[in-house]
$ cat protein_32.pdb   # PDB, C-alpha atoms and all ligand atoms
ATOM      1  CA  MET A   1     -16.602 -26.584  24.525  1.00  0.00           C
ATOM      2  CA  SER A   2     -16.701 -27.965  28.069  1.00  0.00           C
ATOM      3  CA  HIS A   3     -16.408 -25.950  31.258  1.00  0.00           C
ATOM      4  CA  ALA A   4     -16.451 -28.889  33.650  1.00  0.00           C
ATOM      5  CA  ASP A   5     -14.609 -26.954  36.361  1.00  0.00           C
ATOM      6  CA  GLU A   6     -16.759 -23.820  36.170  1.00  0.00           C
ATOM      7  CA  PRO A   7     -20.202 -22.862  37.472  1.00  0.00           C
ATOM      8  CA  ALA A   8     -23.060 -21.400  35.430  1.00  0.00           C
ATOM      9  CA  LEU A   9     -26.343 -19.652  36.161  1.00  0.00           C
ATOM     10  CA  VAL A  10     -29.334 -20.607  33.979  1.00  0.00           C
ATOM     11  CA  LEU A  11     -32.384 -18.371  33.546  1.00  0.00           C
ATOM     12  CA  LEU A  12     -35.106 -20.958  34.159  1.00  0.00           C
ATOM     13  CA  SER A  13     -38.643 -19.771  33.493  1.00  0.00           C
ATOM     14  CA  GLY A  14     -40.263 -23.185  33.378  1.00  0.00           C
ATOM     15  CA  GLY A  15     -40.796 -23.156  29.620  1.00  0.00           C
ATOM     16  CA  GLN A  16     -39.476 -25.508  26.960  1.00  0.00           C
ATOM     17  CA  ASP A  17     -36.557 -23.327  25.901  1.00  0.00           C
ATOM     18  CA  SER A  18     -35.143 -22.601  29.327  1.00  0.00           C
ATOM     19  CA  ALA A  19     -35.586 -26.256  30.349  1.00  0.00           C
ATOM     20  CA  THR A  20     -33.565 -27.344  27.317  1.00  0.00           C
ATOM     21  CA  CYS A  21     -30.935 -24.767  28.277  1.00  0.00           C
ATOM     22  CA  LEU A  22     -30.751 -26.190  31.778  1.00  0.00           C
ATOM     23  CA  ALA A  23     -29.993 -29.637  30.325  1.00  0.00           C
ATOM     24  CA  TRP A  24     -27.425 -28.078  27.984  1.00  0.00           C
ATOM     25  CA  ALA A  25     -25.705 -26.397  30.939  1.00  0.00           C
ATOM     26  CA  LEU A  26     -25.801 -29.530  33.113  1.00  0.00           C
ATOM     27  CA  ASP A  27     -24.040 -31.342  30.288  1.00  0.00           C
ATOM     28  CA  ARG A  28     -21.174 -28.799  30.258  1.00  0.00           C
ATOM     29  CA  PHE A  29     -20.661 -27.035  33.541  1.00  0.00           C
ATOM     30  CA  GLY A  30     -19.408 -28.418  36.842  1.00  0.00           C
ATOM     31  CA  ARG A  31     -22.126 -26.684  38.869  1.00  0.00           C
ATOM     32  CA  VAL A  32     -25.360 -25.197  37.626  1.00  0.00           C
ATOM     33  CA  GLU A  33     -27.604 -22.834  39.571  1.00  0.00           C
ATOM     34  CA  THR A  34     -31.010 -21.676  38.336  1.00  0.00           C
ATOM     35  CA  LEU A  35     -32.812 -18.352  38.483  1.00  0.00           C
ATOM     36  CA  GLY A  36     -36.470 -17.509  38.012  1.00  0.00           C
ATOM     37  CA  PHE A  37     -38.304 -14.183  37.901  1.00  0.00           C
ATOM     38  CA  ASP A  38     -41.762 -13.375  39.115  1.00  0.00           C
ATOM     39  CA  TYR A  39     -42.883 -10.247  37.263  1.00  0.00           C
ATOM     40  CA  GLY A  40     -46.618 -10.754  37.455  1.00  0.00           C
ATOM     41  CA  GLN A  41     -46.738 -12.733  34.206  1.00  0.00           C
ATOM     42  CA  ARG A  42     -50.129 -14.129  33.214  1.00  0.00           C
ATOM     43  CA  HIS A  43     -48.562 -17.529  32.704  1.00  0.00           C
ATOM     44  CA  ARG A  44     -47.268 -17.584  36.282  1.00  0.00           C
ATOM     45  CA  ILE A  45     -48.117 -21.257  36.336  1.00  0.00           C
ATOM     46  CA  GLU A  46     -44.813 -21.820  34.541  1.00  0.00           C
ATOM     47  CA  LEU A  47     -43.084 -20.848  37.795  1.00  0.00           C
ATOM     48  CA  ASP A  48     -44.902 -23.647  39.619  1.00  0.00           C
ATOM     49  CA  CYS A  49     -43.397 -26.124  37.147  1.00  0.00           C
ATOM     50  CA  ARG A  50     -39.842 -25.191  38.043  1.00  0.00           C
ATOM     51  CA  PRO A  51     -39.291 -27.379  41.168  1.00  0.00           C
ATOM     52  CA  ARG A  52     -40.700 -30.459  39.426  1.00  0.00           C
ATOM     53  CA  LEU A  53     -38.648 -29.701  36.364  1.00  0.00           C
ATOM     54  CA  ARG A  54     -35.458 -29.437  38.422  1.00  0.00           C
ATOM     55  CA  GLU A  55     -36.206 -32.725  40.184  1.00  0.00           C
ATOM     56  CA  GLY A  56     -36.943 -34.407  36.879  1.00  0.00           C
ATOM     57  CA  MET A  57     -33.744 -33.049  35.381  1.00  0.00           C
ATOM     58  CA  ALA A  58     -31.687 -34.478  38.244  1.00  0.00           C
ATOM     59  CA  ALA A  59     -33.277 -37.871  37.566  1.00  0.00           C
ATOM     60  CA  VAL A  60     -32.286 -37.915  33.881  1.00  0.00           C
ATOM     61  CA  ARG A  61     -28.564 -38.451  34.556  1.00  0.00           C
ATOM     62  CA  PRO A  62     -26.783 -39.109  37.894  1.00  0.00           C
ATOM     63  CA  GLN A  63     -24.081 -36.612  36.904  1.00  0.00           C
ATOM     64  CA  TRP A  64     -26.715 -33.928  36.417  1.00  0.00           C
ATOM     65  CA  ALA A  65     -28.003 -34.526  39.951  1.00  0.00           C
ATOM     66  CA  GLU A  66     -24.493 -33.900  41.300  1.00  0.00           C
ATOM     67  CA  ARG A  67     -24.098 -30.729  39.277  1.00  0.00           C
ATOM     68  CA  LEU A  68     -27.463 -29.143  39.968  1.00  0.00           C
ATOM     69  CA  GLY A  69     -26.995 -26.364  42.521  1.00  0.00           C
ATOM     70  CA  PRO A  70     -29.446 -24.067  44.320  1.00  0.00           C
ATOM     71  CA  ASP A  71     -32.436 -22.327  42.797  1.00  0.00           C
ATOM     72  CA  HIS A  72     -32.993 -18.577  43.129  1.00  0.00           C
ATOM     73  CA  MET A  73     -36.232 -16.665  42.640  1.00  0.00           C
ATOM     74  CA  LEU A  74     -36.356 -12.890  42.296  1.00  0.00           C
ATOM     75  CA  ASP A  75     -39.402 -10.688  42.614  1.00  0.00           C
ATOM     76  CA  LEU A  76     -39.553  -8.296  39.660  1.00  0.00           C
ATOM     77  CA  SER A  77     -43.103  -7.126  40.198  1.00  0.00           C
ATOM     78  CA  THR A  78     -41.964  -3.602  39.264  1.00  0.00           C
ATOM     79  CA  LEU A  79     -41.641  -4.847  35.685  1.00  0.00           C
ATOM     80  CA  GLY A  80     -45.288  -5.925  35.722  1.00  0.00           C
ATOM     81  CA  GLN A  81     -46.290  -2.523  37.121  1.00  0.00           C
ATOM     82  CA  ILE A  82     -44.607  -0.544  34.339  1.00  0.00           C
ATOM     83  CA  SER A  83     -45.533  -2.891  31.480  1.00  0.00           C
ATOM     84  CA  ASP A  84     -48.862  -2.605  29.718  1.00  0.00           C
ATOM     85  CA  THR A  85     -48.634  -5.801  27.683  1.00  0.00           C
ATOM     86  CA  ALA A  86     -50.703  -8.886  26.975  1.00  0.00           C
ATOM     87  CA  LEU A  87     -48.280 -10.910  29.116  1.00  0.00           C
ATOM     88  CA  THR A  88     -48.871  -8.809  32.192  1.00  0.00           C
ATOM     89  CA  ARG A  89     -52.477  -7.687  31.654  1.00  0.00           C
ATOM     90  CA  GLU A  90     -55.697  -9.476  30.798  1.00  0.00           C
ATOM     91  CA  THR A  91     -55.765  -8.118  27.257  1.00  0.00           C
ATOM     92  CA  GLU A  92     -55.947  -9.798  23.897  1.00  0.00           C
ATOM     93  CA  ILE A  93     -52.778 -10.884  22.120  1.00  0.00           C
ATOM     94  CA  THR A  94     -52.531  -8.781  18.938  1.00  0.00           C
ATOM     95  CA  MET A  95     -49.907  -7.119  16.765  1.00  0.00           C
ATOM     96  CA  THR A  96     -48.999  -3.589  17.851  1.00  0.00           C
ATOM     97  CA  ALA A  97     -48.410  -0.575  15.602  1.00  0.00           C
ATOM     98  CA  ALA A  98     -44.673  -1.201  16.066  1.00  0.00           C
ATOM     99  CA  GLY A  99     -45.113  -4.575  14.318  1.00  0.00           C
ATOM    100  CA  LEU A 100     -44.512  -6.510  17.532  1.00  0.00           C
ATOM    101  CA  PRO A 101     -46.888  -8.864  19.335  1.00  0.00           C
ATOM    102  CA  SER A 102     -48.569  -7.236  22.346  1.00  0.00           C
ATOM    103  CA  THR A 103     -46.859  -9.920  24.448  1.00  0.00           C
ATOM    104  CA  PHE A 104     -43.574  -8.018  24.127  1.00  0.00           C
ATOM    105  CA  VAL A 105     -42.483  -6.831  27.594  1.00  0.00           C
ATOM    106  CA  PRO A 106     -40.081  -3.938  26.938  1.00  0.00           C
ATOM    107  CA  GLY A 107     -36.730  -4.345  28.628  1.00  0.00           C
ATOM    108  CA  ARG A 108     -37.487  -7.798  30.025  1.00  0.00           C
ATOM    109  CA  ASN A 109     -34.397  -9.674  28.908  1.00  0.00           C
ATOM    110  CA  LEU A 110     -32.182  -6.665  29.540  1.00  0.00           C
ATOM    111  CA  LEU A 111     -33.370  -6.592  33.153  1.00  0.00           C
ATOM    112  CA  PHE A 112     -33.265 -10.378  33.523  1.00  0.00           C
ATOM    113  CA  PHE A 113     -29.627 -10.600  32.499  1.00  0.00           C
ATOM    114  CA  THR A 114     -28.643  -7.554  34.542  1.00  0.00           C
ATOM    115  CA  TYR A 115     -30.164  -9.101  37.679  1.00  0.00           C
ATOM    116  CA  ALA A 116     -28.669 -12.469  36.750  1.00  0.00           C
ATOM    117  CA  ALA A 117     -25.232 -10.901  36.377  1.00  0.00           C
ATOM    118  CA  ALA A 118     -25.529  -9.145  39.748  1.00  0.00           C
ATOM    119  CA  LEU A 119     -26.496 -12.422  41.423  1.00  0.00           C
ATOM    120  CA  ALA A 120     -23.800 -14.327  39.533  1.00  0.00           C
ATOM    121  CA  TYR A 121     -21.204 -11.763  40.671  1.00  0.00           C
ATOM    122  CA  ARG A 122     -21.987 -12.541  44.299  1.00  0.00           C
ATOM    123  CA  ARG A 123     -21.986 -16.292  43.611  1.00  0.00           C
ATOM    124  CA  GLY A 124     -18.639 -16.202  41.770  1.00  0.00           C
ATOM    125  CA  ILE A 125     -20.228 -17.234  38.465  1.00  0.00           C
ATOM    126  CA  ARG A 126     -19.310 -15.757  35.092  1.00  0.00           C
ATOM    127  CA  HIS A 127     -21.371 -17.907  32.723  1.00  0.00           C
ATOM    128  CA  LEU A 128     -25.023 -16.939  32.200  1.00  0.00           C
ATOM    129  CA  VAL A 129     -27.307 -19.142  30.093  1.00  0.00           C
ATOM    130  CA  GLY A 130     -30.627 -18.145  28.512  1.00  0.00           C
ATOM    131  CA  GLY A 131     -33.051 -19.679  26.017  1.00  0.00           C
ATOM    132  CA  MET A 132     -33.352 -16.652  23.740  1.00  0.00           C
ATOM    133  CA  CYS A 133     -33.638 -17.447  20.074  1.00  0.00           C
ATOM    134  CA  GLU A 134     -33.899 -15.374  16.950  1.00  0.00           C
ATOM    135  CA  THR A 135     -34.609 -18.205  14.526  1.00  0.00           C
ATOM    136  CA  ASP A 136     -38.155 -19.261  15.395  1.00  0.00           C
ATOM    137  CA  TYR A 137     -39.345 -16.384  17.529  1.00  0.00           C
ATOM    138  CA  SER A 138     -41.926 -13.670  17.989  1.00  0.00           C
ATOM    139  CA  GLY A 139     -39.671 -10.820  16.836  1.00  0.00           C
ATOM    140  CA  TYR A 140     -38.776  -9.576  20.321  1.00  0.00           C
ATOM    141  CA  PRO A 141     -35.790  -7.254  19.816  1.00  0.00           C
ATOM    142  CA  ASP A 142     -34.294  -8.214  23.192  1.00  0.00           C
ATOM    143  CA  CYS A 143     -33.981 -11.852  22.043  1.00  0.00           C
ATOM    144  CA  ARG A 144     -31.636 -10.891  19.230  1.00  0.00           C
ATOM    145  CA  ASP A 145     -28.084 -12.108  19.188  1.00  0.00           C
ATOM    146  CA  ASP A 146     -26.735  -8.570  18.735  1.00  0.00           C
ATOM    147  CA  THR A 147     -28.730  -7.276  21.729  1.00  0.00           C
ATOM    148  CA  LEU A 148     -27.334  -9.974  23.980  1.00  0.00           C
ATOM    149  CA  LYS A 149     -23.776  -9.618  22.676  1.00  0.00           C
ATOM    150  CA  ALA A 150     -23.963  -5.871  23.384  1.00  0.00           C
ATOM    151  CA  LEU A 151     -25.348  -6.610  26.838  1.00  0.00           C
ATOM    152  CA  GLN A 152     -22.523  -9.056  27.490  1.00  0.00           C
ATOM    153  CA  VAL A 153     -20.028  -6.288  26.733  1.00  0.00           C
ATOM    154  CA  ALA A 154     -21.914  -3.769  28.894  1.00  0.00           C
ATOM    155  CA  LEU A 155     -22.106  -6.185  31.848  1.00  0.00           C
ATOM    156  CA  THR A 156     -18.452  -7.173  31.531  1.00  0.00           C
ATOM    157  CA  LEU A 157     -17.414  -3.510  31.572  1.00  0.00           C
ATOM    158  CA  GLY A 158     -19.937  -2.445  34.199  1.00  0.00           C
ATOM    159  CA  LEU A 159     -18.955  -5.189  36.631  1.00  0.00           C
ATOM    160  CA  ASP A 160     -15.276  -5.133  35.673  1.00  0.00           C
ATOM    161  CA  ARG A 161     -15.481  -8.884  35.529  1.00  0.00           C
ATOM    162  CA  ARG A 162     -15.809 -11.193  32.524  1.00  0.00           C
ATOM    163  CA  VAL A 163     -19.449 -12.147  31.893  1.00  0.00           C
ATOM    164  CA  THR A 164     -20.322 -14.629  29.131  1.00  0.00           C
ATOM    165  CA  ILE A 165     -23.917 -14.922  27.954  1.00  0.00           C
ATOM    166  CA  HIS A 166     -24.605 -18.313  26.381  1.00  0.00           C
ATOM    167  CA  THR A 167     -27.661 -18.711  24.159  1.00  0.00           C
ATOM    168  CA  PRO A 168     -27.494 -22.277  22.828  1.00  0.00           C
ATOM    169  CA  LEU A 169     -30.865 -22.000  21.075  1.00  0.00           C
ATOM    170  CA  MET A 170     -30.139 -18.739  19.236  1.00  0.00           C
ATOM    171  CA  TRP A 171     -29.814 -20.353  15.789  1.00  0.00           C
ATOM    172  CA  ARG A 172     -32.022 -23.381  16.331  1.00  0.00           C
ATOM    173  CA  ASP A 173     -35.663 -23.597  15.293  1.00  0.00           C
ATOM    174  CA  LYS A 174     -38.166 -25.235  17.647  1.00  0.00           C
ATOM    175  CA  ALA A 175     -37.853 -28.630  15.949  1.00  0.00           C
ATOM    176  CA  ALA A 176     -34.075 -28.479  16.462  1.00  0.00           C
ATOM    177  CA  THR A 177     -34.651 -27.551  20.121  1.00  0.00           C
ATOM    178  CA  TRP A 178     -36.586 -30.818  20.643  1.00  0.00           C
ATOM    179  CA  ALA A 179     -33.803 -32.671  18.804  1.00  0.00           C
ATOM    180  CA  LEU A 180     -31.214 -31.053  21.081  1.00  0.00           C
ATOM    181  CA  ALA A 181     -33.148 -32.258  24.141  1.00  0.00           C
ATOM    182  CA  GLU A 182     -33.111 -35.786  22.738  1.00  0.00           C
ATOM    183  CA  THR A 183     -29.353 -35.612  22.107  1.00  0.00           C
ATOM    184  CA  LEU A 184     -28.699 -34.346  25.634  1.00  0.00           C
ATOM    185  CA  GLY A 185     -31.000 -36.541  27.664  1.00  0.00           C
ATOM    186  CA  GLY A 186     -32.721 -39.028  25.364  1.00  0.00           C
ATOM    187  CA  THR A 187     -36.413 -39.844  25.550  1.00  0.00           C
ATOM    188  CA  ALA A 188     -36.448 -39.254  29.312  1.00  0.00           C
ATOM    189  CA  LEU A 189     -35.609 -35.591  28.809  1.00  0.00           C
ATOM    190  CA  VAL A 190     -37.992 -35.156  25.871  1.00  0.00           C
ATOM    191  CA  ASP A 191     -40.808 -36.634  27.971  1.00  0.00           C
ATOM    192  CA  LEU A 192     -39.942 -34.452  30.967  1.00  0.00           C
ATOM    193  CA  ILE A 193     -40.041 -31.322  28.831  1.00  0.00           C
ATOM    194  CA  ARG A 194     -43.339 -32.348  27.219  1.00  0.00           C
ATOM    195  CA  GLU A 195     -44.941 -33.044  30.566  1.00  0.00           C
ATOM    196  CA  ASP A 196     -43.501 -30.473  32.948  1.00  0.00           C
ATOM    197  CA  THR A 197     -42.884 -27.290  30.989  1.00  0.00           C
ATOM    198  CA  VAL A 198     -45.386 -24.583  30.115  1.00  0.00           C
ATOM    199  CA  THR A 199     -44.903 -22.399  27.050  1.00  0.00           C
ATOM    200  CA  CYS A 200     -48.513 -21.215  26.651  1.00  0.00           C
ATOM    201  CA  TYR A 201     -48.994 -17.481  27.126  1.00  0.00           C
ATOM    202  CA  LEU A 202     -52.286 -18.165  28.901  1.00  0.00           C
ATOM    203  CA  GLY A 203     -50.655 -20.713  31.208  1.00  0.00           C
ATOM    204  CA  ASP A 204     -53.148 -23.400  30.159  1.00  0.00           C
ATOM    205  CA  ARG A 205     -52.427 -26.710  31.963  1.00  0.00           C
ATOM    206  CA  ARG A 206     -55.814 -28.277  31.226  1.00  0.00           C
ATOM    207  CA  HIS A 207     -55.481 -29.184  27.552  1.00  0.00           C
ATOM    208  CA  ARG A 208     -52.946 -31.916  26.799  1.00  0.00           C
ATOM    209  CA  HIS A 209     -51.589 -32.303  23.272  1.00  0.00           C
ATOM    210  CA  ASP A 210     -48.798 -34.452  21.794  1.00  0.00           C
ATOM    211  CA  TRP A 211     -46.419 -31.571  22.451  1.00  0.00           C
ATOM    212  CA  GLY A 212     -47.536 -30.935  26.030  1.00  0.00           C
ATOM    213  CA  TYR A 213     -50.046 -28.661  27.752  1.00  0.00           C
ATOM    214  CA  GLY A 214     -51.428 -25.406  26.344  1.00  0.00           C
ATOM    215  CA  CYS A 215     -54.434 -23.577  24.951  1.00  0.00           C
ATOM    216  CA  GLY A 216     -53.291 -24.641  21.481  1.00  0.00           C
ATOM    217  CA  THR A 217     -54.041 -21.325  19.805  1.00  0.00           C
ATOM    218  CA  CYS A 218     -51.857 -18.574  21.294  1.00  0.00           C
ATOM    219  CA  PRO A 219     -48.656 -17.680  19.365  1.00  0.00           C
ATOM    220  CA  ALA A 220     -46.464 -19.568  21.863  1.00  0.00           C
ATOM    221  CA  CYS A 221     -48.579 -22.734  21.539  1.00  0.00           C
ATOM    222  CA  GLU A 222     -48.521 -22.397  17.721  1.00  0.00           C
ATOM    223  CA  LEU A 223     -44.720 -22.239  17.740  1.00  0.00           C
ATOM    224  CA  ARG A 224     -44.436 -25.169  20.120  1.00  0.00           C
ATOM    225  CA  ARG A 225     -46.857 -27.334  18.106  1.00  0.00           C
ATOM    226  CA  ALA A 226     -45.155 -26.561  14.781  1.00  0.00           C
ATOM    227  CA  GLY A 227     -41.766 -27.333  16.324  1.00  0.00           C
ATOM    228  CA  TRP A 228     -42.956 -30.643  17.745  1.00  0.00           C
ATOM    229  CA  GLU A 229     -44.462 -31.671  14.406  1.00  0.00           C
ATOM    230  CA  GLY A 230     -41.233 -30.759  12.600  1.00  0.00           C
ATOM    231  CA  TYR A 231     -39.240 -32.788  15.126  1.00  0.00           C
ATOM    232  CA  GLU A 232     -41.542 -35.802  14.741  1.00  0.00           C
ATOM    233  CA  VAL A 233     -41.278 -35.700  10.946  1.00  0.00           C
ATOM    234  CA  ALA A 234     -37.476 -35.395  11.159  1.00  0.00           C
ATOM    235  CA  SER A 235     -37.210 -38.309  13.639  1.00  0.00           C
ATOM    236  CA  ARG A 236     -39.190 -40.578  11.328  1.00  0.00           C
ATOM    237  CA  THR A 237     -36.923 -39.956   8.324  1.00  0.00           C
TER     238      THR A 237
HETATM  239 ZN    ZN B 301     -51.379 -21.153  24.491  1.00  0.00          ZN
END
$ encode --input "protein_32.pdb" --output "structure tokens"
Amino acid sequence: MSHADEPALVLLSGGQDSATCLAWALDRFGRVETLGFDYGQRHRIELDCRPRLREGMAAVRPQWAERLGPDHMLDLSTLGQISDTALTRETEITMTAAGLPSTFVPGRNLLFFTYAAALAYRRGIRHLVGGMCETDYSGYPDCRDDTLKALQVALTLGLDRRVTIHTPLMWRDKAATWALAETLGGTALVDLIREDTVTCYLGDRRHRHDWGYGCGTCPACELRRAGWEGYEVASRT
């Protein structure tokens, strides 16, 4: 489905998933704006990657450069203040009694999309794009398809304007996410995502692996490594 005459707003954190979503949106929508949130995350370094990532994205295809609109950054430090999690505090990443990793930030995606929808309303945008995924994920309940579909309904009713939440990665595993990047932007895009995105929960930019930078041991690095290896195996066969 193409929406060449419509604008979209992409939630761009600076990680692999949201970067792939940005490429996906640039391939489909006539104008694409980006939105980032600063909520005091430990891996804040991912926010520093965003300008370079946007520049790199514009260089992948001339059409993408024409379509790429302004970037927005919102301060959500309140979220960091009310969240006692391993993403917002210097604590160890463990499993909680609720069976969720301690990196779960309650309400994060609900708030992100609500702010995104409010910004999109002002900008005359009805398409919101996010990299949430329930196939290869950490079990965060606010990444689930049902959560986001319910939120789409709530936002559409609450704003009295049609809001569509697109989650192109929802049913893709991490290997398929790399494959999608290759389909959208070839090796240039795969290389850009390897080099200029940060997925690591600790924000490690010192250790370089085949799949990019990261500590190599946190759950986010584990997922990214396994996905890259799966993609490499699939590309060889
Ligand atoms: Zn890591």
$ axis_aligned_box --input "protein_32.pdb" --around "stretch 115-131 of chain A" --padding-each-side "4 Å" --output "JSON"
{"center_x": -25.8, "center_y": -14.4, "center_z": 35.2, "size_x": 22.4, "size_y": 18.6, "size_z": 26.3}
$ residues_around --input "protein_32.pdb" --residues "A:Ala58" --least-positions-apart "6" --cutoff "9 Å" --atoms "all atoms listed in the file" --output "MDAnalysis selection string"
chainID A and resid 64:68
$ residues_around --input "protein_32.pdb" --residues "A:Phe113" --least-positions-apart "3" --cutoff "10 Å" --atoms "only C-alpha atoms" --output "number ranges by chain"
A: 11, 108-110, 116-120, 128-130, 148, 151-152, 155, 165
$ residues_near_ligand --input "protein_32.pdb" --ligand "ligand ZN 301 (chain B)" --cutoff "9 Å" --atoms "only C-alpha atoms and all ligand atoms" --output "VMD selection string"
chain A and resid 198 to 204 213 to 222
$ atom_distance --input "protein_32.pdb" --atom1 "atom CA of A:Gly227" --atom2 "atom CA of A:Leu169"
13.0 Å
$ resolve_selection --input "protein_32.pdb" --expression "the PyMOL selection byres (((chain A and resi 171-180) around 8) and not hetatm)" --output "list in words"
Asp17, Thr20, Cys133, Glu134, Thr135, Asp136, Pro168, Leu169, Met170, Ala181, Glu182, Thr183, Leu184, Val190, Leu223, Arg224, Ala226, Gly227, Trp228, Glu229, Gly230 and Tyr231 of chain A
